[in-house]
Amino acid sequence: MRKQSCLLVLVIFCLLTVPAVEAKGKVEIICPPVEETVIGLGFSYDLEPPVLHAAAGYDFRYDEFYYRLGTVWHPSNLKFHLNYSYWANYKLRTYIYQRGWEAGITRQIPREQNLQLSLFDGVVGRTLEDEVGTTYLHLGYDRFFPFAWEKETKKEIDLYLELVSGRVKKTGAGFFVTSLALPVKINNFRFTPYLGYLKLANPLEPYFDLSTFVRGYREKERVGDRAVSVTIEQQFPLFPDSDIRPLNLLRASFFADLGDVLPAGESMAAYALKTTAGAGLLLSFGEAELRLEAVVNERGEWSALFYFDTLGNK
């Protein structure tokens, strides 16, 4: 019933504003890489200057339908937003969705930098039975460092910093999550170190999952509150001179992952490096890649993966 209600809300909103579609409305497709595992449609209506918007989406990983209603305002290089939504959660790891109010601001500092600040008040959950009421503040900072000391060699370092801090409404207990990724790219070679740390607050228990950082391990096989990993990868464009899409976006990849997550309460002495290696094909879309991979872990177990990868964000 809840899923049908989500779609009904979007349909009603679109019907009320449909006379202005040609003049001030816009329909957009929601899909990866903009949303990691969600596909759907969004509709916006320009009131000059605020923009009203609505969206509905389907999460093909968790079989959930979502909706979002809100407004956006774009003065200069700033973007303010306010919305109420039942949507995929990307801030608190392992929680599938969030439902509630969110207000935020995004600033392009210049082209190479991006700062995001948002405040959420509502619930997060994996199922209806384990929903947790929470209020949290999210800070995201991205920066791109290009290096061009050799004209024929493309070098860059990207920085992805994320901080989440909040409290559980029922108990008042505080929690925070922080992560840092520093992808280094030299032509088609990549080296990506990652660090993550979080503080739990019962009953809110996000965690790092080893399978997210070291491919080839099963989901929930090893989880913890600290994560350290490194990914090394070499890509090879298969049709670099082709003018045909998607042939000119197709690449081969050979990679290795090294890392571990530490369960809460365990010391660094429990850190045991896990390693996997693999090869695959990918379609590069700039900020994200569609990947098909064969991976083997240190136990000799093989697995096949097919997914969208948002670069720099584990």
# chains A, B, ... in the order shown; residues from 1 in each chain; ligands from 1
call {"tool": "select_by_dssp", "arguments": {"residues": "segment 31-249 of chain A", "states": "strand (DSSP E or B)", "output": "JSON list (two decimals) with C-alpha atoms, in the first residue's frame"}}
result
[["chain", "number", "residue", "atom", "x", "y", "z"],
["A", 38, "VAL", "CA", 17.40, 4.04, -8.42],
["A", 39, "ILE", "CA", 15.59, 4.60, -11.69],
["A", 40, "GLY", "CA", 12.58, 6.85, -12.12],
["A", 41, "LEU", "CA", 11.20, 10.20, -13.28],
["A", 42, "GLY", "CA", 11.31, 13.72, -11.89],
["A", 43, "PHE", "CA", 9.12, 16.71, -12.72],
["A", 44, "SER", "CA", 9.92, 20.37, -12.01],
["A", 45, "TYR", "CA", 7.96, 23.61, -12.33],
["A", 46, "ASP", "CA", 9.73, 26.98, -12.43],
["A", 51, "VAL", "CA", 11.51, 25.61, -8.59],
["A", 52, "LEU", "CA", 8.97, 23.07, -7.35],
["A", 53, "HIS", "CA", 9.84, 19.48, -8.03],
["A", 54, "ALA", "CA", 8.53, 15.96, -7.54],
["A", 55, "ALA", "CA", 10.10, 12.61, -8.26],
["A", 56, "ALA", "CA", 9.32, 8.92, -8.05],
["A", 57, "GLY", "CA", 11.82, 6.13, -8.33],
["A", 58, "TYR", "CA", 12.32, 2.38, -8.04],
["A", 59, "ASP", "CA", 15.32, 0.91, -6.22],
["A", 64, "GLU", "CA", 11.55, -0.32, -3.05],
["A", 65, "PHE", "CA", 9.48, 2.51, -4.56],
["A", 66, "TYR", "CA", 10.40, 6.07, -3.52],
["A", 67, "TYR", "CA", 8.99, 9.59, -3.81],
["A", 68, "ARG", "CA", 10.29, 13.11, -3.21],
["A", 69, "LEU", "CA", 8.52, 16.50, -3.09],
["A", 70, "GLY", "CA", 10.29, 19.82, -2.57],
["A", 71, "THR", "CA", 11.66, 23.08, -3.85],
["A", 72, "VAL", "CA", 15.02, 24.32, -5.15],
["A", 73, "TRP", "CA", 16.39, 27.87, -5.40],
["A", 78, "LEU", "CA", 24.57, 28.48, -4.63],
["A", 79, "LYS", "CA", 21.75, 25.94, -4.59],
["A", 80, "PHE", "CA", 19.26, 25.73, -1.71],
["A", 81, "HIS", "CA", 16.83, 22.85, -1.40],
["A", 82, "LEU", "CA", 14.02, 21.82, 0.94],
["A", 83, "ASN", "CA", 12.13, 18.58, 0.48],
["A", 84, "TYR", "CA", 10.13, 15.85, 2.12],
["A", 85, "SER", "CA", 10.96, 12.41, 0.82],
["A", 86, "TYR", "CA", 10.94, 8.67, 1.19],
["A", 87, "TRP", "CA", 14.14, 7.97, -0.73],
["A", 88, "ALA", "CA", 17.33, 5.92, -0.83],
["A", 97, "TYR", "CA", 16.10, 4.36, 3.01],
["A", 98, "GLN", "CA", 15.25, 7.55, 4.85],
["A", 99, "ARG", "CA", 11.89, 9.31, 5.29],
["A", 100, "GLY", "CA", 11.52, 12.88, 6.48],
["A", 101, "TRP", "CA", 12.49, 16.52, 5.91],
["A", 102, "GLU", "CA", 15.82, 17.65, 4.49],
["A", 103, "ALA", "CA", 17.15, 21.16, 3.96],
["A", 104, "GLY", "CA", 20.50, 21.85, 2.37],
["A", 105, "ILE", "CA", 22.86, 24.13, 0.49],
["A", 106, "THR", "CA", 25.40, 23.34, -2.22],
["A", 107, "ARG", "CA", 28.13, 25.70, -3.36],
["A", 108, "GLN", "CA", 30.38, 25.39, -6.38],
["A", 113, "GLN", "CA", 35.47, 22.29, -5.78],
["A", 114, "ASN", "CA", 32.04, 21.40, -4.43],
["A", 115, "LEU", "CA", 30.71, 21.91, -0.89],
["A", 116, "GLN", "CA", 27.45, 20.36, 0.35],
["A", 117, "LEU", "CA", 25.74, 20.93, 3.70],
["A", 118, "SER", "CA", 22.37, 19.42, 4.67],
["A", 119, "LEU", "CA", 20.21, 18.79, 7.74],
["A", 120, "PHE", "CA", 17.87, 15.80, 7.92],
["A", 121, "ASP", "CA", 15.07, 15.10, 10.41],
["A", 122, "GLY", "CA", 13.05, 11.88, 10.19],
["A", 123, "VAL", "CA", 13.66, 8.13, 10.23],
["A", 124, "VAL", "CA", 16.13, 5.77, 8.57],
["A", 125, "GLY", "CA", 15.60, 2.06, 8.17],
["A", 132, "VAL", "CA", 15.18, 4.63, 13.86],
["A", 133, "GLY", "CA", 14.20, 8.26, 14.39],
["A", 134, "THR", "CA", 17.18, 10.57, 13.95],
["A", 135, "THR", "CA", 18.38, 14.08, 13.21],
["A", 136, "TYR", "CA", 21.75, 14.45, 11.49],
["A", 137, "LEU", "CA", 23.96, 17.00, 9.77],
["A", 138, "HIS", "CA", 25.85, 16.02, 6.61],
["A", 139, "LEU", "CA", 28.92, 17.75, 5.20],
["A", 140, "GLY", "CA", 30.41, 16.71, 1.87],
["A", 141, "TYR", "CA", 33.47, 18.27, 0.21],
["A", 142, "ASP", "CA", 34.88, 17.31, -3.19],
["A", 143, "ARG", "CA", 37.98, 18.78, -4.80],
["A", 144, "PHE", "CA", 39.76, 18.10, -8.05],
["A", 145, "PHE", "CA", 43.53, 18.73, -8.34],
["A", 146, "PRO", "CA", 44.74, 18.58, -11.96],
["A", 147, "PHE", "CA", 48.46, 18.30, -12.73],
["A", 155, "LYS", "CA", 47.56, 13.42, -13.88],
["A", 156, "GLU", "CA", 45.02, 14.32, -11.24],
["A", 157, "ILE", "CA", 44.17, 13.77, -7.59],
["A", 158, "ASP", "CA", 40.57, 13.86, -6.37],
["A", 159, "LEU", "CA", 39.53, 14.37, -2.77],
["A", 160, "TYR", "CA", 36.21, 13.12, -1.39],
["A", 161, "LEU", "CA", 35.56, 13.99, 2.26],
["A", 162, "GLU", "CA", 32.30, 13.15, 4.01],
["A", 163, "LEU", "CA", 31.17, 13.82, 7.58],
["A", 164, "VAL", "CA", 27.84, 12.86, 9.18],
["A", 165, "SER", "CA", 27.01, 13.76, 12.77],
["A", 166, "GLY", "CA", 23.70, 13.39, 14.58],
["A", 167, "ARG", "CA", 21.69, 11.91, 17.40],
["A", 168, "VAL", "CA", 19.07, 9.23, 17.97],
["A", 174, "GLY", "CA", 25.18, 10.85, 19.44],
["A", 175, "PHE", "CA", 26.85, 9.25, 16.43],
["A", 176, "PHE", "CA", 29.13, 10.25, 13.57],
["A", 177, "VAL", "CA", 30.52, 8.80, 10.35],
["A", 178, "THR", "CA", 33.56, 10.09, 8.49],
["A", 179, "SER", "CA", 35.29, 8.89, 5.33],
["A", 180, "LEU", "CA", 38.07, 10.05, 3.05],
["A", 181, "ALA", "CA", 38.97, 8.86, -0.45],
["A", 184, "VAL", "CA", 45.16, 9.30, -7.90],
["A", 185, "LYS", "CA", 44.89, 9.02, -11.69],
["A", 186, "ILE", "CA", 47.79, 8.94, -14.15],
["A", 189, "PHE", "CA", 46.25, 4.01, -14.07],
["A", 190, "ARG", "CA", 44.48, 4.52, -10.73],
["A", 191, "PHE", "CA", 45.53, 4.26, -7.12],
["A", 192, "THR", "CA", 42.74, 4.86, -4.57],
["A", 193, "PRO", "CA", 43.33, 4.82, -0.79],
["A", 194, "TYR", "CA", 40.29, 4.97, 1.49],
["A", 195, "LEU", "CA", 39.82, 5.56, 5.23],
["A", 196, "GLY", "CA", 36.60, 5.36, 7.21],
["A", 197, "TYR", "CA", 35.59, 5.61, 10.86],
["A", 198, "LEU", "CA", 32.23, 5.71, 12.62],
["A", 199, "LYS", "CA", 30.83, 5.87, 16.15],
["A", 201, "ALA", "CA", 24.70, 4.96, 18.89],
["A", 204, "LEU", "CA", 21.28, 3.21, 15.30],
["A", 208, "PHE", "CA", 31.34, -0.59, 7.09],
["A", 209, "ASP", "CA", 31.00, -3.76, 5.03],
["A", 223, "VAL", "CA", 31.59, -5.67, 9.14],
["A", 224, "GLY", "CA", 33.05, -3.06, 11.48],
["A", 226, "ARG", "CA", 36.76, 1.22, 10.90],
["A", 227, "ALA", "CA", 37.78, 0.68, 7.28],
["A", 228, "VAL", "CA", 41.13, 0.88, 5.47],
["A", 229, "SER", "CA", 41.55, -0.08, 1.84],
["A", 230, "VAL", "CA", 43.57, 0.52, -1.33],
["A", 231, "THR", "CA", 42.53, -0.19, -4.90],
["A", 232, "ILE", "CA", 45.04, -0.43, -7.76],
["A", 233, "GLU", "CA", 43.75, -0.52, -11.31],
["A", 234, "GLN", "CA", 44.99, -0.31, -14.89],
["A", 235, "GLN", "CA", 42.49, 0.43, -17.64],
["A", 236, "PHE", "CA", 42.89, -0.02, -21.41],
["A", 237, "PRO", "CA", 40.60, 1.76, -23.92]]
call {"tool": "select_by_dssp", "arguments": {"residues": "segment 11-247 of chain A", "states": "alpha helix (DSSP H)", "output": "list in words"}}
result
Val11, Ile12, Phe13, Cys14, Leu15, Leu16, Thr17, Val21, Glu22, Ala23, Lys24, Leu210, Ser211, Thr212 and Phe213 of chain A
call {"tool": "write_last_selection", "arguments": {"atoms": "C-alpha atoms", "output": "PDB file, in the first residue's frame"}}
result
ATOM      1  CA  VAL A  11       0.788  11.486 -10.336  1.00  0.00           C
ATOM      2  CA  ILE A  12      -1.444  14.000  -8.529  1.00  0.00           C
ATOM      3  CA  PHE A  13       1.343  16.590  -8.410  1.00  0.00           C
ATOM      4  CA  CYS A  14       2.043  16.228 -12.127  1.00  0.00           C
ATOM      5  CA  LEU A  15      -1.653  16.470 -13.037  1.00  0.00           C
ATOM      6  CA  LEU A  16      -2.049  19.702 -11.056  1.00  0.00           C
ATOM      7  CA  THR A  17       0.841  21.340 -12.917  1.00  0.00           C
ATOM      8  CA  VAL A  21       4.660  21.719 -18.796  1.00  0.00           C
ATOM      9  CA  GLU A  22       5.469  23.311 -22.129  1.00  0.00           C
ATOM     10  CA  ALA A  23       6.036  26.805 -20.681  1.00  0.00           C
ATOM     11  CA  LYS A  24       7.880  26.215 -17.434  1.00  0.00           C
ATOM     12  CA  LEU A 210      34.166  -5.448   3.721  1.00  0.00           C
ATOM     13  CA  SER A 211      32.440  -6.349   0.443  1.00  0.00           C
ATOM     14  CA  THR A 212      32.142  -2.629  -0.345  1.00  0.00           C
ATOM     15  CA  PHE A 213      35.919  -2.105  -0.267  1.00  0.00           C
TER      16      PHE A 213
END
call {"tool": "closest_residue", "arguments": {"among": "A:Ile29, A:Leu200, A:Leu290, A:Leu258", "to": "Arg215 of chain A", "atoms": "only C-alpha atoms"}}
result
A:Leu258
call {"tool": "closest_residue", "arguments": {"among": "A:Ala288, A:Ala272, A:Leu283, A:Ala294", "to": "Leu238 of chain A", "atoms": "only C-alpha atoms"}}
result
A:Leu283
call {"tool": "atom_distance", "arguments": {"atom1": "atom CA of Thr94 of chain A", "atom2": "atom CA of Pro206 of chain A"}}
result
5.8 Å
call {"tool": "closest_residue", "arguments": {"among": "A:Asn77, A:Thr276, A:Ser253, A:Ser267", "to": "Tyr217 of chain A", "atoms": "only C-alpha atoms"}}
result
A:Thr276
call {"tool": "atom_distance", "arguments": {"atom1": "atom CA of Pro240 of chain A", "atom2": "atom CA of Ala252 of chain A"}}
result
11.7 Å
